[in-house]
There are 4 protein chains.
Amino acid sequence: MAGNVFGNLFRISTFGESHGVALGVVIDGCPPGIVLDLEFMQAEMARRKPGQSKIVTQRQEGDAFEILSGVYEGRTTGTPIGIIIRNEDQKSKDYNHLLDAYRPSHADFTYDQKYGFRDHRGGGRSSARETAARVIAGSIAKQFLNQFGITIQAYVQAVGDIRVHKHYSELALDTIEDNIVRCPDQEIATQMIDRIAEIKKQGDTIGGVIACVIKNTPAGIGEPVFDKLHAELGKAMLSINAAKGFEYGSGFEGTTMLGSQHNDIFETNAEGKIVTRTNHSGGIQGGISNGMDIYFNVAFKPVATILRPQESVNNAGDAVIVEGKGRHDPCVLPRAVPIVEAMAALVLADYILLQKSYAV
Amino acid sequence: MAGNVFGNLFRISTFGESHGVALGVVIDGCPPGIVLDLEFMQAEMARRKPGQSKIVTQRQEGDAFEILSGVYEGRTTGTPIGIIIRNEDQKSKDYNHLLDAYRPSHADFTYDQKYGFRDHRGGGRSSARETAARVIAGSIAKQFLNQFGITIQAYVQAVGDIRVHKHYSELALDTIEDNIVRCPDQEIATQMIDRIAEIKKQGDTIGGVIACVIKNTPAGIGEPVFDKLHAELGKAMLSINAAKGFEYGSGFEGTTMLGSQHNDIFETNAEGKIVTRTNHSGGIQGGISNGMDIYFNVAFKPVATILRPQESVNNAGDAVIVEGKGRHDPCVLPRAVPIVEAMAALVLADYILLQKSYAV
Amino acid sequence: MAGNVFGNLFRISTFGESHGVALGVVIDGCPPGIVLDLEFMQAEMARRKPGQSKIVTQRQEGDAFEILSGVYEGRTTGTPIGIIIRNEDQKSKDYNHLLDAYRPSHADFTYDQKYGFRDHRGGGRSSARETAARVIAGSIAKQFLNQFGITIQAYVQAVGDIRVHKHYSELALDTIEDNIVRCPDQEIATQMIDRIAEIKKQGDTIGGVIACVIKNTPAGIGEPVFDKLHAELGKAMLSINAAKGFEYGSGFEGTTMLGSQHNDIFETNAEGKIVTRTNHSGGIQGGISNGMDIYFNVAFKPVATILRPQESVNNAGDAVIVEGKGRHDPCVLPRAVPIVEAMAALVLADYILLQKSYAV
Amino acid sequence: MAGNVFGNLFRISTFGESHGVALGVVIDGCPPGIVLDLEFMQAEMARRKPGQSKIVTQRQEGDAFEILSGVYEGRTTGTPIGIIIRNEDQKSKDYNHLLDAYRPSHADFTYDQKYGFRDHRGGGRSSARETAARVIAGSIAKQFLNQFGITIQAYVQAVGDIRVHKHYSELALDTIEDNIVRCPDQEIATQMIDRIAEIKKQGDTIGGVIACVIKNTPAGIGEPVFDKLHAELGKAMLSINAAKGFEYGSGFEGTTMLGSQHNDIFETNAEGKIVTRTNHSGGIQGGISNGMDIYFNVAFKPVATILRPQESVNNAGDAVIVEGKGRHDPCVLPRAVPIVEAMAALVLADYILLQKSYAV
């Protein structure tokens with residue numbers, strides 16, 4: 001209820017502040033017998049890690065995780081998996097000048113309003129540091145999904161107004177990791193990187209859009225009417241720091257189409273499988289997967305911390321000037337790619353377990 | 001878990017198929033002592049009702065509701081409120097030709113994949129008829145929110161590419177109900193109505209966008225990190241039939257802004273209250289309300305049922321031609337306005353109760 | 001959260017006051033494809049019904065149920081099953097003298113403390129009338145359990161100090177329904193009936209114990225550590241009106257045994273199945289079923305409404321005399337037998353779905 | 001769903017195996033601003049700790065806890081509190097002979113049936129070691145309850161057939177900790193201690209009963225109809241390892257009383273407060289607290305591990321002899337006292353938050 005638990009059957013409970021002792025996650029409901037690939041898990045963490053390239057924050061967060069329970073001789077046991085990630089490079093002093101000040105478009109003011117006070121160091125619980133727990137949990141969900149052949153691939157579709165215009169099916173998704181901005185269109189990628197570098201030099205920040213494609217989801221996954229698959233995916237994505245919007249399939253553009261254009265015609269393919277000729281539905285109809293690719297976009301606003309002086313007030317309501325210190329991301333997109341994938345994996349794992357329970 | 005329950009503390013459980021005996025809702029967790037205005041509730045139902053104007057379906061659904069429990073001498077008692085709405089104008093025969101056929105972009109195929117079979121009449125549980133239960137529940141949530149002064153107003157912002165370009169603050173929101181398309185820009189409204197009438201004549205359908213504005217939410221509402229206020233609003237909206245996207249505050253457009261443009265500067269207003277100079281945050285920061293207006297958009301695809309022959313397959317995978325019969329909406333937007341408001345009210349009511357529980 | 005929802009995957013939401021319009025239940029998560037036997041369901045209702053014999057209340061409650069949704073052509077569809085039972089024989093005037101008075105050991109005072117006021121007629125939501133919704137839901141759960149061969153049989157083990165001393169395995173459980181008190185020991189049954197008749201004549205009431213035996217539960221059902229199978233059964237039973245205690249397997253008596261006496265020795269039986277030689281564990285070890293019979297007892301206090309004058313206070317705290325009017329049960333046990341079975345069926349159905357979701 | 005989460009608003013999620021790296025708990029929903037007394041928390045852990053006296057296991061478990069999050073400058077922040085307790089004195093080799101064998105009346109067999117395999121060392125997740133996480137979480141719940149003046153005191157009422165016959169109100173509850181068995185009747189305590197010592201010498205074990213008294217709960221706490229306060233307390237208690245039964249108020253003995261004897265007469269006391277003359281209700285009526293003392297008993301079976309050879313089978317179904325090695329409790333009761341209190345505290349904290357949310 002208090003907002004730090006996600007999922008029904010594959011359920012995670014996360015904890016930890018940016019500048020506290022550690023953050024972590026408990027996964028309750030992970031099926032037994034999954035052989036965990038620790039190198040894969042560490043690699044996933046590395047994709048999210050600060051300092052991985054010149055266009056992200058140079059902060060050096062510890063991202064070594066320790067599995068405390070729920071795994072025996074390399075396999076999940078079905079009991080809860082507790083994992084912690086200790087905080088290391090805490091430059092808490094960078095935040096002392098912010099003790100009472102409300103940083104614009106951060107959660108400082110709202111946390112104070114909600115809880116009466118807050119751990120102001122590094123954003124505390126509202127820091128993007130929290131997403132490390134999501135990524136490590138998601139890396140286990142991905143390994144569960146492997147056995148169904150389900151793959152999840154996210155990439156940066158837009159940075160500011162620099163945008164990939166090709167459809168995902170025209171892109172080489174296996175080249176996403178070939179550049180530091182995680183965009184499979186290598187030309188656009190170069191433009192994006194230059195743009196971010198330029199923005200960074202200005203002490204400013206920029207937003208963008210991440211696209212995500214999920215392949216091989218069996219038909220029948222999703223729970224009507226409130227827990228439609230795309231509704232849960234939407235919630236999962238909107239829960240990521242800085243997310244401002246979600247659309248799936250034809251999305252906002254689809255609103256300008258006519259029904260006769262938008263409808264996906266069913267047909268039986270050469271293998272005798274029922275498929276749709278087009279996929280404006282984004283692989284989900286009536287909230288339930290139809291076996292086609294699931295795809296969606298997530299909008300991210302520009303990072304709130306800029307390295308320029310900004311007007312604001314403190315908790316007494318008095319005018320102050322705040323100026324970002326420390327090391328911050330000029331653009332959250334490259335590091336948000338694995339987070340989007342992790343949240344998608346958690347939703348899929350959960351909904352597959354739900355469907356297994358009812359299936360005859 | 002099975003998808004028909006929404007909310008945590010203010011929790012609804014809905015049931016009912018389009019052509020079954022009745023549909024209904026149980027509200028568990030509605031606080032005691034709310035004096036219910038039955039006329040208001042019936043008026044809310046009338047806003048969603050088929051047959052209300054020439055641009056919506058001419059189907060004549062019963063929308064008389066019966067309160068079975070939880071209300072005594074006109075006041076809520078704190079015990080569950082059971083409400084049913086009987087189905088009346090069921091032209092089930094209109095659907096007999098669809099017994100085995102899969103209507104394009106409907107949930108026929110996915111329901112069969114999920115459950116093994118389905119009640120095919122009128123879409124069964126996947127019918128938009130289901131939203132009647134949401135509206136009646138939402139009308140009670142609205143009355144709970146009244147005591148906090150919270151108001152929720154949705155309107156049609158776009159039909160196809162006909163779009164209101166003014167910001168909500170420039171519109172007379174009290175004129176939303178002055179035209180049958182529910183758009184507060186009367187000129188644009190006329191264009192929308194003409195466009196829908198034209199589309200209807202063609203036997204086709206069209207999508208659009210609904211905007212929603214929530215005023216007077218106190219600061220501090222919303223649960224980090226997974227249950228952020230906008231994440232739950234997003235899920236609520238995406239759970240509405242035909243919804244394809246959700247954005248709040250600056251939304252997808254905000255992704256092209258720089259941090260220095262996007263950040264909302266805090267200041268203390270004449271009444272000594274801390275406010276923001278701009279509101280790109282859409283009234284929510286870090287997932288928690290900051291006291292400013294909350295506003296968001298919801299994208300709706302064109303209605304899937306068109307009155308034209310379409311190719312498809314039946315459940316044996318054989319090619320068939322399906323053609324919409326009966327009476328259908330050429331555009332779902334005008335009737336979706338009260339549904340958007342209802343879902344927003346349910347989220348707000350639930351989250352206010354959550355905050356009350358923790359508040360010191 | 002507000003207490004009217006039970007279960008995780010097989011989840012029921014009940015509503016309705018004793019003297020309101022109707023009571024009912026929504027079952028969300030019932031698997032699709034179960035062919036419902038309506039006669040069986042009505043027969044279950046008849047076992048709980050007032051007026052069924054001379055030793056229960058002579059009130060004539062309507063117990064005709066109406067299925068509103070979730071069933072199509074005789075089979076469950078997987079969508080929520082809504083069922084209502086209208087109230088009929090409401091002698092609300094019998095309660096007018098109790099408008100402000102607090103009946104001893106009833107929920108009048110506590111409801112007022114919790115909600116600020118209450119529907120005083122017939123106990124409102126706290127009336128045993130509420131259990132009708134449990135029985136009808138349980139009758140569907142039982143039909144789901146049929147496909148696993150699971151049977152649930154409860155019987156009256158004690159009325160006051162008249163007690164069946166035989167172990168359940170020595171009793172002919174198929175004779176439970178052969179007498180009106182629902183005790184499979186026909187001699188003891190006669191004594192119980194006489195005792196209840198005598199107590200009734202005195203205008204007094206009496207308590208007792210119900211025993212329940214569940215056969216053929218597969219091994220592996222139950223969720224450690226908080227949701228142990230016996231913990232959930234215990235909660236389910238303790239939620240029944242007038243329940244004061246729960247014990248399973250060796251129960252309270254087992255506390256006086258030594259470990260060397262109490263331990264159930266494993267052995268492999270003639271069919272090659274691992275079984276236990278004794279069953280002090282009551283079929284549950286570490287919170288998980290081991291394939292042996294599950295058995296437990298539930299203690300019920302004497303009914304609070306007696307047909308004698310009793311001292312009390314009203315809501316102003318002033319002394320008053322209350323005297324039970326109307327028609328009441330001298331002993332709740334005979335009618336509680338199907339309620340105990342229903343709650344056990346709901347727990348089992350839910351936990352089997354949980355186990356299905358994780359099972360490899 | 002998978003059984004390792006307890007509570008609704010004050011919610012804990014526990015993890016950890018007996019011989020794994022660590023165990024721990026995440027508390028989500030603890031209200032902000034509680035000043036934590038770390039010494040009190042360590043003292044609570046010490047009450048549960050092995051090796052604390054001659055009548056408990058001499059195992060030397062680490063019980064130093066580390067708070068990882070949710071506490072800033074000594075106060076809870078409202079964000080999740082993560083706590084871990086590392087395992088130390090792991091004599092895993094003591095369990096190697098049990099790799100395939102099923103210890104009688106342990107969870108070895110059922111875990112294998114449920115999950116397909118298990119961490120056999122020290123009982124893994126089914127070990128009583130798991131309760132350390134409950135005690136540390138409960139110690140925080142107790143500090144939350146302090147502000148309402150609520151106190152929770154458990155004590156050993158019976159060891160085998162040695163029993164305290166006095167009512168709790170006749171006992172000096174502040175002397176519970178004066179002896180190592182935690183019984184406030186010092187004479188009976190001596191008999192209990194002697195009995196346990198004797199049983200221990202025999203390599204056997206013995207069960208017993210713990211009583212618990214909760215004072216100063218305000219009236220109005222508890223959720224009808226399924227989540228009655230005593231039903232949730234019952235579930236909480238039955239979830240403790242080795243628990244076999246629960247009764248509250250008059251309990252099983254109350255079943256032999258007549259209504260005229262059992263009913264608790266309301267009266268207004270000298271302070272003008274409505275109270276009951278007797279308290280057979282155990283402070284709970286209709287599932288809701290009435291302001292009187294809440295009291296209940298929990299039955300515990302004898303510990304399953306005995307230091308004697310026992311017949312059993314292994315996972316192939318072959319006959320084996322198992323013999324407890326290592327250091328085990330001859331009687332679980334003295335160390336279960338703080339666990340009973342912890343679980344009661346967690347229920348009360350959760351239900352007080354629930355009531356706060358609805359209260360007008």
# chains A, B, ... in the order shown; residues from 1 in each chain; ligands from 1
>>> residues_around(residues="Gly234 in chain A", least_positions_apart="2", cutoff="12 Å", atoms="only C-alpha atoms", output="ChimeraX atom specification")
/A:212,227-232,236-240,243-248,251,287,295-299,340,343-344,347 /B:226-228,230-239,243-247
>>> interface_residues(of="chain A", to="chain C", cutoff="6 Å", atoms="only C-alpha atoms", output="NGL selection string")
:A and (31 or 353 or 356-358)
>>> write_last_selection(atoms="N, CA, C and O atoms", output="compact mmCIF listing (two decimals), in the first residue's frame")
# COMPACT_ATOMS: atom_id res chain seq x y z
N PRO A 31 9.38 -18.50 -9.11
CA PRO A 31 9.27 -19.97 -9.15
C PRO A 31 10.60 -20.66 -8.85
O PRO A 31 11.67 -20.08 -9.11
N LEU A 353 2.48 -15.93 -14.43
CA LEU A 353 2.10 -16.73 -13.26
C LEU A 353 0.60 -16.65 -13.01
O LEU A 353 -0.05 -17.66 -12.70
N LYS A 356 -1.09 -18.90 -15.45
CA LYS A 356 -0.87 -20.31 -15.13
C LYS A 356 -1.84 -20.79 -14.05
O LYS A 356 -2.30 -21.92 -14.06
N SER A 357 -2.15 -19.89 -13.12
CA SER A 357 -3.00 -20.32 -12.00
C SER A 357 -4.41 -20.66 -12.46
O SER A 357 -5.04 -21.55 -11.91
N TYR A 358 -4.91 -19.92 -13.45
CA TYR A 358 -6.30 -20.13 -13.87
C TYR A 358 -6.42 -21.15 -15.00
O TYR A 358 -7.48 -21.74 -15.20
>>> select_by_dssp(residues="range 22-91 of chain C", states="strand (DSSP E)", output="PyMOL selection string")
chain C and resi 22-28+65-67+71-72+75-76+81-86
>>> closest_residue(among="C:Gly24, C:Pro330, C:Gly3, C:Pro338", to="Thr57 in chain C", atoms="only C-alpha atoms")
C:Pro330
>>> closest_residue(among="A:Asp108, A:Glu88, A:Asp119, A:Glu253", to="Glu73 in chain D", atoms="only C-alpha atoms")
A:Asp119
>>> residues_around(residues="Ile288 in chain A", least_positions_apart="5", cutoff="6 Å", atoms="only C-alpha atoms", output="mmCIF file with all heavy atoms, in the first residue's frame")
data_model
loop_
_atom_site.group_PDB
_atom_site.id
_atom_site.type_symbol
_atom_site.label_atom_id
_atom_site.label_comp_id
_atom_site.auth_asym_id
_atom_site.auth_seq_id
_atom_site.Cartn_x
_atom_site.Cartn_y
_atom_site.Cartn_z
ATOM 1 N N GLY A 220 -3.099 -14.801 -24.591
ATOM 2 C CA GLY A 220 -3.875 -15.116 -23.392
ATOM 3 C C GLY A 220 -3.349 -14.492 -22.108
ATOM 4 O O GLY A 220 -3.924 -14.710 -21.046
ATOM 5 N N ILE A 221 -2.289 -13.705 -22.195
ATOM 6 C CA ILE A 221 -1.707 -13.091 -20.988
ATOM 7 C C ILE A 221 -2.321 -11.706 -20.789
ATOM 8 O O ILE A 221 -2.298 -10.869 -21.691
ATOM 9 C CB ILE A 221 -0.170 -12.969 -21.124
ATOM 10 C CG1 ILE A 221 0.460 -14.318 -21.495
ATOM 11 C CG2 ILE A 221 0.449 -12.402 -19.847
ATOM 12 C CD1 ILE A 221 0.200 -15.442 -20.524
ATOM 13 N N GLY A 222 -2.812 -11.431 -19.596
ATOM 14 C CA GLY A 222 -3.452 -10.136 -19.300
ATOM 15 C C GLY A 222 -4.763 -10.387 -18.583
ATOM 16 O O GLY A 222 -5.413 -11.410 -18.824
ATOM 17 N N LEU A 229 -3.191 -5.937 -19.616
ATOM 18 C CA LEU A 229 -1.739 -6.055 -19.729
ATOM 19 C C LEU A 229 -1.094 -4.698 -20.014
ATOM 20 O O LEU A 229 -0.079 -4.341 -19.402
ATOM 21 C CB LEU A 229 -1.388 -7.076 -20.818
ATOM 22 C CG LEU A 229 0.098 -7.343 -21.026
ATOM 23 C CD1 LEU A 229 0.809 -7.697 -19.733
ATOM 24 C CD2 LEU A 229 0.279 -8.467 -22.054
ATOM 25 N N THR B 110 -8.672 -13.043 -28.144
ATOM 26 C CA THR B 110 -7.857 -13.152 -26.927
ATOM 27 C C THR B 110 -8.638 -13.781 -25.767
ATOM 28 O O THR B 110 -8.080 -14.533 -24.980
ATOM 29 C CB THR B 110 -7.294 -11.764 -26.514
ATOM 30 O OG1 THR B 110 -8.365 -10.820 -26.409
ATOM 31 C CG2 THR B 110 -6.283 -11.266 -27.542
#
>>> residues_around(residues="Met257 in chain B", least_positions_apart="2", cutoff="7 Å", atoms="only C-alpha atoms", output="list in words")
Gly160, Ile206, Gly207 and Pro302 of chain A; Gly254, Thr255, Gly259, Gln261 and His262 of chain B
